[in-house]
Amino acid sequence: MSQDVEQKEESLFEAPPIAEQERMVEAILFASAEPVTVRELEARMPHGCDAAEALVYLRKRYDGRGVNVTKIGDSWAMRTAADLGFLMQKETVETRKLSRAAIETLAIIAYHQPVTRAEIEEIRGVSVSRGTVDQLLEMEWIRFGRRKMTPGRPVTFVVTQNFLDHFGLENARDLPGLKELRSAGLLENRPPPGSMPGPCEVDEDEETNEGQSELFED
Amino acid sequence: MSQDVEQKEESLFEAPPIAEQERMVEAILFASAEPVTVRELEARMPHGCDAAEALVYLRKRYDGRGVNVTKIGDSWAMRTAADLGFLMQKETVETRKLSRAAIETLAIIAYHQPVTRAEIEEIRGVSVSRGTVDQLLEMEWIRFGRRKMTPGRPVTFVVTQNFLDHFGLENARDLPGLKELRSAGLLENRPPPGSMPGPCEVDEDEETNEGQSELFED
Amino acid sequence: MADDIFEEDRVSVAERMAAEALIVDVDGFEGPLDLLLTLSRTQKVDLRKISVLQLAHQYLAFVEKAKALRLELAADYLVMAAWLAFLKSRLLLPPDPTEEGPSGEELAAHLAFQLERLQAMRDCAARLMARDQLGRDFFARGQVETVERVKSVTYTATLLDLMQGYARIRTRDDFRPFILDRESVFTMEQALERMRGLIGYAGEWTEIVTYLPEGWDNDPVRRRSATAATFAASLELVKEGHLDIRQGESFGPIQLRKRGA
């Protein structure tokens, strides 16, 4: 008789099948605002559940999915797969023209590389703000070159492959020289005429190389 | 030559494999508490993705799981399986207790939408207090529909996506017993013969008997 | 008379109690239609088979009792009572072919429809609220990952921008930096230098104008500048203790003399 009661109690508290426990853990982790410990899981699940085991199955199930079961400290949570983080952003891209200071700095680096900040400032006649250099570095249009063998061993800046790609140049040496700039009307102190000869056109000129090499001679 | 360019462009925009798209939809739906439209899904996914197709796979995958993929109007969301609600006492949010008048008004709007205030009053036999409508509007369970093309062009009320989401309905057409009510003629806006006393009185020239049926019949 | 019919309809004590309760609780009803629906339930039949005539009796009896109890009934209850009395007479009397308007049967059918519809809506409301509800039976994601609105700004420049930028810098070299045109300016430094050279000879009071540099007294602009500079230089020399300065009266001539002379 007493055995009957015991059996009845046992069956009353029999844990749900592990597949069902997995569903429970899944639902709890999904709905929880905070990561949940195994202990908390078991406190919320029916008596006799083995949340740790259910988690093993659940974790395997979500392996490689868009959402993963991850352990954070002692707790468990579901998180979007790291490689899909880009989906959590709604991107709006705005294209802006580079500031005049940045263009000038970039031009000096392109024409005079490798060039130190002090040299840039000397050529521009004004100091170069940190923001300008940072912006160009961030855009990956310039990078640090080797240090100059002058006192203080200042860092230099050079243009990058990205820069060349963007401007359709094979080499920084392909940049038109001073003479070409002048013949293109770019060196005159008046607004350039509407029909600007393209840089490629200038390139065809044989004299290009002279100006260029002169520029790049250290 | 031009074909080359075309091919190149096509390959550039080639959508990820559908399994990958499924992962993406999974991640986006998982991360959001609010339902997400197919359109928004695709806006966030790489170019050329077919979110609707990915959803078919995803929905099947979550069938019977602790978390389900549910359709709510034009949108999709992930929700825990209703049979596991007992695990979520911690997450349960106390919803504001609605008055009987508010619940009835809500039901009338849901089953008769788009419905005017006068029509609600005719069905309930009493005037609808402003507070009742305001409360439902505030909960974002109802919203204004388009005006009726009857004299005075009265505003109508319809239920919202939030309403569908809250009651786990894919569509207003899935309201329980809707078909039976319609076949019993209980959703008709039957004008009273002659004049009726009290709030039952409706504009006699009201010609829109088709009202609600029109909404549910597409 | 109405009372009699009412009593006839009532069979059990429980129903009579219920009817009493209805009256006491008149405020609990949401209008006459709600009351009619409640009364109709005592008929214990499908609403489609309800006897509207009997219902009219019930309602009128209710109103009578309420009046007897001196309960204040809202106007719409009384309007409904009047209308039901009218309906009752239509239903009881044989149809008068000369009479206009809808027949008693039509009116009764519509009332029955209204009651059935209201009951249907109440059932719907109950079914709706019995559904699984979000936040009670099923749940949304607890740990919402916010969708970041990333406004990325791409900066761009063309090769032309670059060349123009470079040209702008190089062109600058062709111009000397802007400096003030000082041709007509006699600086205090110049005046000081000049005065220091001359001061040794100023043993007597000498008018300041005689110290003005040569060639600066014809052009008024130049003379003004030279005068001001010379005066300022004189004051500086006074301060240094090399010179005395005096002016006899306002706008009178200013005279200088070497100190200690």
# chains A, B, ... in the order shown; residues from 1 in each chain; ligands from 1
>>> select_by_dssp(residues="segment 23-244 of chain C", states="helix (DSSP H, G or I)", output="PyMOL selection string")
chain C and resi 23-24+26-28+31-41+47-49+52-68+75-92+104-130+159-172+188-201+208-211+220-240
>>> write_last_selection(atoms="C-alpha atoms", output="tab-separated table (two decimals), in the first residue's frame")
chain	number	residue	atom	x	y	z
C	23	ILE	CA	-34.51	45.19	-10.43
C	24	VAL	CA	-32.29	45.97	-7.51
C	26	VAL	CA	-30.68	48.03	-12.54
C	27	ASP	CA	-27.49	50.08	-12.60
C	28	GLY	CA	-25.56	46.98	-13.52
C	31	GLY	CA	-28.74	49.86	-21.33
C	32	PRO	CA	-32.10	48.38	-22.31
C	33	LEU	CA	-30.64	45.96	-24.86
C	34	ASP	CA	-28.39	44.44	-22.23
C	35	LEU	CA	-31.35	44.12	-19.89
C	36	LEU	CA	-33.46	42.54	-22.63
C	37	LEU	CA	-30.70	40.04	-23.33
C	38	THR	CA	-30.54	39.12	-19.67
C	39	LEU	CA	-34.31	38.78	-19.47
C	40	SER	CA	-34.37	36.64	-22.57
C	41	ARG	CA	-32.13	34.10	-20.89
C	47	LEU	CA	-32.17	33.08	-28.97
C	48	ARG	CA	-33.46	32.36	-32.46
C	49	LYS	CA	-36.58	30.84	-31.00
C	52	VAL	CA	-40.34	38.58	-28.45
C	53	LEU	CA	-43.86	39.04	-27.23
C	54	GLN	CA	-43.01	37.29	-24.02
C	55	LEU	CA	-39.83	39.32	-23.75
C	56	ALA	CA	-41.83	42.51	-24.14
C	57	HIS	CA	-44.01	41.38	-21.28
C	58	GLN	CA	-40.99	40.65	-19.17
C	59	TYR	CA	-39.42	44.00	-19.87
C	60	LEU	CA	-42.57	45.97	-19.23
C	61	ALA	CA	-43.09	44.11	-15.98
C	62	PHE	CA	-39.55	44.94	-15.01
C	63	VAL	CA	-40.10	48.62	-15.68
C	64	GLU	CA	-43.34	48.56	-13.74
C	65	LYS	CA	-41.65	46.99	-10.76
C	66	ALA	CA	-38.82	49.46	-10.93
C	67	LYS	CA	-41.33	52.28	-10.91
C	68	ALA	CA	-43.13	50.74	-7.95
C	75	ALA	CA	-34.74	57.77	-20.14
C	76	ASP	CA	-33.69	55.17	-22.67
C	77	TYR	CA	-35.20	52.43	-20.53
C	78	LEU	CA	-38.52	54.25	-20.65
C	79	VAL	CA	-38.22	54.86	-24.39
C	80	MET	CA	-37.62	51.16	-24.86
C	81	ALA	CA	-40.62	50.40	-22.64
C	82	ALA	CA	-42.83	52.62	-24.77
C	83	TRP	CA	-41.53	51.05	-27.93
C	84	LEU	CA	-42.04	47.52	-26.59
C	85	ALA	CA	-45.58	48.41	-25.54
C	86	PHE	CA	-46.16	49.57	-29.09
C	87	LEU	CA	-44.58	46.38	-30.42
C	88	LYS	CA	-46.72	44.28	-28.10
C	89	SER	CA	-49.90	45.88	-29.38
C	90	ARG	CA	-48.80	45.30	-32.96
C	91	LEU	CA	-48.06	41.69	-32.25
C	92	LEU	CA	-51.33	41.07	-30.43
C	104	GLY	CA	-45.07	43.77	-35.74
C	105	GLU	CA	-43.38	40.58	-36.95
C	106	GLU	CA	-40.70	42.54	-38.78
C	107	LEU	CA	-40.01	44.67	-35.74
C	108	ALA	CA	-39.89	41.62	-33.50
C	109	ALA	CA	-37.57	39.83	-35.88
C	110	HIS	CA	-35.19	42.75	-35.83
C	111	LEU	CA	-35.17	42.93	-32.06
C	112	ALA	CA	-34.45	39.21	-31.96
C	113	PHE	CA	-31.64	39.75	-34.45
C	114	GLN	CA	-30.17	42.52	-32.32
C	115	LEU	CA	-30.21	40.35	-29.25
C	116	GLU	CA	-28.70	37.42	-31.07
C	117	ARG	CA	-25.99	39.64	-32.52
C	118	LEU	CA	-25.15	41.18	-29.17
C	119	GLN	CA	-24.95	37.74	-27.61
C	120	ALA	CA	-22.74	36.57	-30.48
C	121	MET	CA	-20.38	39.49	-29.95
C	122	ARG	CA	-20.20	38.73	-26.24
C	123	ASP	CA	-19.33	35.15	-27.04
C	124	CYS	CA	-16.69	36.35	-29.48
C	125	ALA	CA	-15.22	38.67	-26.89
C	126	ALA	CA	-15.04	35.78	-24.43
C	127	ARG	CA	-13.41	33.50	-27.02
C	128	LEU	CA	-10.97	36.23	-27.93
C	129	MET	CA	-9.92	36.81	-24.36
C	130	ALA	CA	-9.61	33.07	-23.81
C	159	LEU	CA	41.38	62.88	-59.27
C	160	LEU	CA	40.47	66.35	-60.43
C	161	ASP	CA	39.81	67.41	-56.83
C	162	LEU	CA	43.18	66.05	-55.91
C	163	MET	CA	45.01	67.83	-58.68
C	164	GLN	CA	43.18	71.06	-58.09
C	165	GLY	CA	44.03	70.81	-54.43
C	166	TYR	CA	47.66	70.31	-55.19
C	167	ALA	CA	47.66	73.06	-57.77
C	168	ARG	CA	46.11	75.38	-55.24
C	169	ILE	CA	48.97	74.85	-52.86
C	170	ARG	CA	51.65	75.19	-55.45
C	171	THR	CA	50.07	78.29	-56.92
C	172	ARG	CA	50.24	79.96	-53.56
C	188	MET	CA	57.84	104.30	-33.50
C	189	GLU	CA	60.97	102.16	-33.71
C	190	GLN	CA	62.20	104.32	-36.57
C	191	ALA	CA	61.35	107.47	-34.67
C	192	LEU	CA	63.08	106.24	-31.54
C	193	GLU	CA	66.22	105.42	-33.42
C	194	ARG	CA	66.21	108.82	-35.04
C	195	MET	CA	65.53	110.67	-31.78
C	196	ARG	CA	68.26	108.86	-29.91
C	197	GLY	CA	70.71	110.12	-32.49
C	198	LEU	CA	69.49	113.69	-32.28
C	199	ILE	CA	68.83	114.07	-28.59
C	200	GLY	CA	72.37	114.78	-27.58
C	201	TYR	CA	72.16	118.11	-29.32
C	208	ILE	CA	58.97	118.68	-31.66
C	209	VAL	CA	58.14	119.41	-35.30
C	210	THR	CA	61.81	120.13	-35.99
C	211	TYR	CA	62.55	116.47	-35.19
C	220	PRO	CA	49.64	114.77	-45.01
C	221	VAL	CA	49.38	110.99	-44.51
C	222	ARG	CA	53.13	110.67	-44.10
C	223	ARG	CA	53.32	113.72	-41.85
C	224	ARG	CA	50.60	112.42	-39.58
C	225	SER	CA	52.36	109.09	-39.23
C	226	ALA	CA	55.77	110.73	-38.62
C	227	THR	CA	54.34	113.16	-36.08
C	228	ALA	CA	52.58	110.45	-34.14
C	229	ALA	CA	55.66	108.22	-34.16
C	230	THR	CA	57.96	111.03	-33.10
C	231	PHE	CA	55.62	112.08	-30.31
C	232	ALA	CA	55.32	108.50	-29.08
C	233	ALA	CA	59.09	108.10	-29.25
C	234	SER	CA	59.55	111.35	-27.28
C	235	LEU	CA	57.25	110.12	-24.54
C	236	GLU	CA	59.21	106.88	-24.42
C	237	LEU	CA	62.47	108.83	-24.05
C	238	VAL	CA	60.90	110.96	-21.28
C	239	LYS	CA	59.96	107.76	-19.53
C	240	GLU	CA	63.50	106.52	-19.90
>>> residues_around(residues="Gln89 of chain B", least_positions_apart="3", cutoff="12 Å", atoms="only C-alpha atoms", output="list in words")
Ile28, Ala31, Ser32, Ala43, Arg44 and Met45 of chain A; Leu84, Gly85, Phe86, Thr92, Val93 and Glu94 of chain B; Gly135, Arg136, Asp137, Phe138 and Phe139 of chain C
>>> closest_residue(among="C:Thr156, C:Ser51, C:Asn218, C:Ser103", to="chain A", atoms="only C-alpha atoms")
C:Thr156
>>> interface_residues(of="chain B", to="chain C", cutoff="6 Å", atoms="only C-alpha atoms", output="number ranges by chain")
B: 31-33, 79-82, 85, 92-93, 104, 107, 123, 125-126, 166-167, 186, 193, 198
>>> interface_residues(of="chain A", to="chain B", cutoff="6 Å", atoms="only C-alpha atoms", output="JSON, numbers by chain")
{"A": [23, 24, 26, 27, 44, 65, 66, 67, 80, 87]}
>>> write_last_selection(atoms="N, CA and C atoms", output="tab-separated table (two decimals), in the first residue's frame")
chain	number	residue	atom	x	y	z
A	23	ARG	N	12.94	21.71	-25.57
A	23	ARG	CA	11.98	22.75	-25.98
A	23	ARG	C	11.81	23.79	-24.89
A	24	MET	N	11.74	23.28	-23.65
A	24	MET	CA	11.53	24.19	-22.53
A	24	MET	C	12.71	25.15	-22.37
A	26	GLU	N	14.77	25.97	-24.59
A	26	GLU	CA	14.75	26.85	-25.76
A	26	GLU	C	13.81	28.05	-25.53
A	27	ALA	N	12.62	27.74	-25.06
A	27	ALA	CA	11.64	28.80	-24.84
A	27	ALA	C	12.08	29.75	-23.74
A	44	ARG	N	12.72	26.53	-12.90
A	44	ARG	CA	11.51	26.88	-13.64
A	44	ARG	C	10.90	25.69	-14.36
A	65	ARG	N	23.61	27.60	-36.89
A	65	ARG	CA	22.38	28.30	-37.26
A	65	ARG	C	22.62	29.82	-37.20
A	66	GLY	N	21.54	30.55	-37.48
A	66	GLY	CA	21.64	32.01	-37.43
A	66	GLY	C	21.67	32.52	-36.00
A	67	VAL	N	21.31	31.64	-35.09
A	67	VAL	CA	21.28	31.98	-33.67
A	67	VAL	C	22.07	30.89	-32.96
A	80	THR	N	22.45	36.06	-31.70
A	80	THR	CA	22.62	35.93	-33.14
A	80	THR	C	24.06	35.55	-33.43
A	87	LEU	N	23.56	42.16	-40.01
A	87	LEU	CA	22.11	42.25	-40.24
A	87	LEU	C	21.42	43.09	-39.18
>>> select_by_dssp(residues="segment 112-217 of chain C", states="strand (DSSP E)", output="number ranges by chain")
C: 148-156, 206-207
>>> write_last_selection(atoms="N, CA and C atoms", output="compact mmCIF listing (two decimals), in the first residue's frame")
# COMPACT_ATOMS: atom_id res chain seq x y z
N GLU C 148 20.82 48.68 -34.96
CA GLU C 148 21.55 49.93 -34.98
C GLU C 148 21.29 50.65 -36.28
N ARG C 149 21.01 51.90 -36.16
CA ARG C 149 20.92 52.68 -37.39
C ARG C 149 22.28 53.29 -37.63
N VAL C 150 22.96 52.68 -38.54
CA VAL C 150 24.32 53.14 -38.80
C VAL C 150 24.28 54.10 -39.96
N LYS C 151 24.65 55.30 -39.65
CA LYS C 151 24.72 56.28 -40.72
C LYS C 151 26.18 56.40 -41.09
N SER C 152 26.56 55.73 -42.12
CA SER C 152 27.96 55.78 -42.50
C SER C 152 28.15 56.85 -43.58
N VAL C 153 29.14 57.63 -43.38
CA VAL C 153 29.43 58.68 -44.33
C VAL C 153 30.66 58.26 -45.12
N THR C 154 30.50 58.20 -46.40
CA THR C 154 31.64 57.87 -47.24
C THR C 154 32.14 59.17 -47.84
N TYR C 155 33.38 59.39 -47.67
CA TYR C 155 33.95 60.58 -48.26
C TYR C 155 34.54 60.21 -49.60
N THR C 156 34.41 61.10 -50.51
CA THR C 156 34.92 60.79 -51.82
C THR C 156 35.57 62.03 -52.41
N THR C 206 63.32 122.79 -27.78
CA THR C 206 63.16 122.79 -29.23
C THR C 206 61.78 122.20 -29.57
N GLU C 207 61.15 122.83 -30.55
CA GLU C 207 59.81 122.30 -30.92
C GLU C 207 59.92 120.93 -31.55
>>> residues_around(residues="segment 47-59 of chain A", least_positions_apart="4", cutoff="6 Å", atoms="only C-alpha atoms", output="MDAnalysis selection string")
chainID A and resid 13 15 21:22 38 42 69
>>> residues_around(residues="Ile142 of chain B", least_positions_apart="6", cutoff="6 Å", atoms="only C-alpha atoms", output="PyMOL selection string")
chain B and resi 136+158-160
>>> write_last_selection(atoms="C-alpha atoms", output="mmCIF file, in the first residue's frame")
data_model
loop_
_atom_site.group_PDB
_atom_site.id
_atom_site.type_symbol
_atom_site.label_atom_id
_atom_site.label_comp_id
_atom_site.auth_asym_id
_atom_site.auth_seq_id
_atom_site.Cartn_x
_atom_site.Cartn_y
_atom_site.Cartn_z
ATOM 1 C CA LEU B 136 -7.954 50.579 -27.158
ATOM 2 C CA VAL B 158 -10.012 48.491 -37.536
ATOM 3 C CA VAL B 159 -7.739 46.237 -35.498
ATOM 4 C CA THR B 160 -3.982 46.543 -35.726
#
>>> residues_around(residues="Gly73 of chain B", least_positions_apart="6", cutoff="12 Å", atoms="only C-alpha atoms", output="list in words")
Pro35, Val36, Thr37, Val38, Val159, Thr160, Gln161, Asn162, Phe163, Leu164, Asp165, His166, Gly168, Leu169, Glu170, Asn171, Ala172, Arg173 and Asp174 of chain B
>>> atom_distance(atom1="atom CA of Ser99 of chain B", atom2="atom CA of Val128 of chain B")
12.2 Å
>>> atom_distance(atom1="atom CA of Leu187 of chain B", atom2="atom CA of Ile108 of chain B")
9.4 Å
>>> atom_distance(atom1="atom CA of Pro114 of chain B", atom2="atom CA of Ala77 of chain B")
25.4 Å
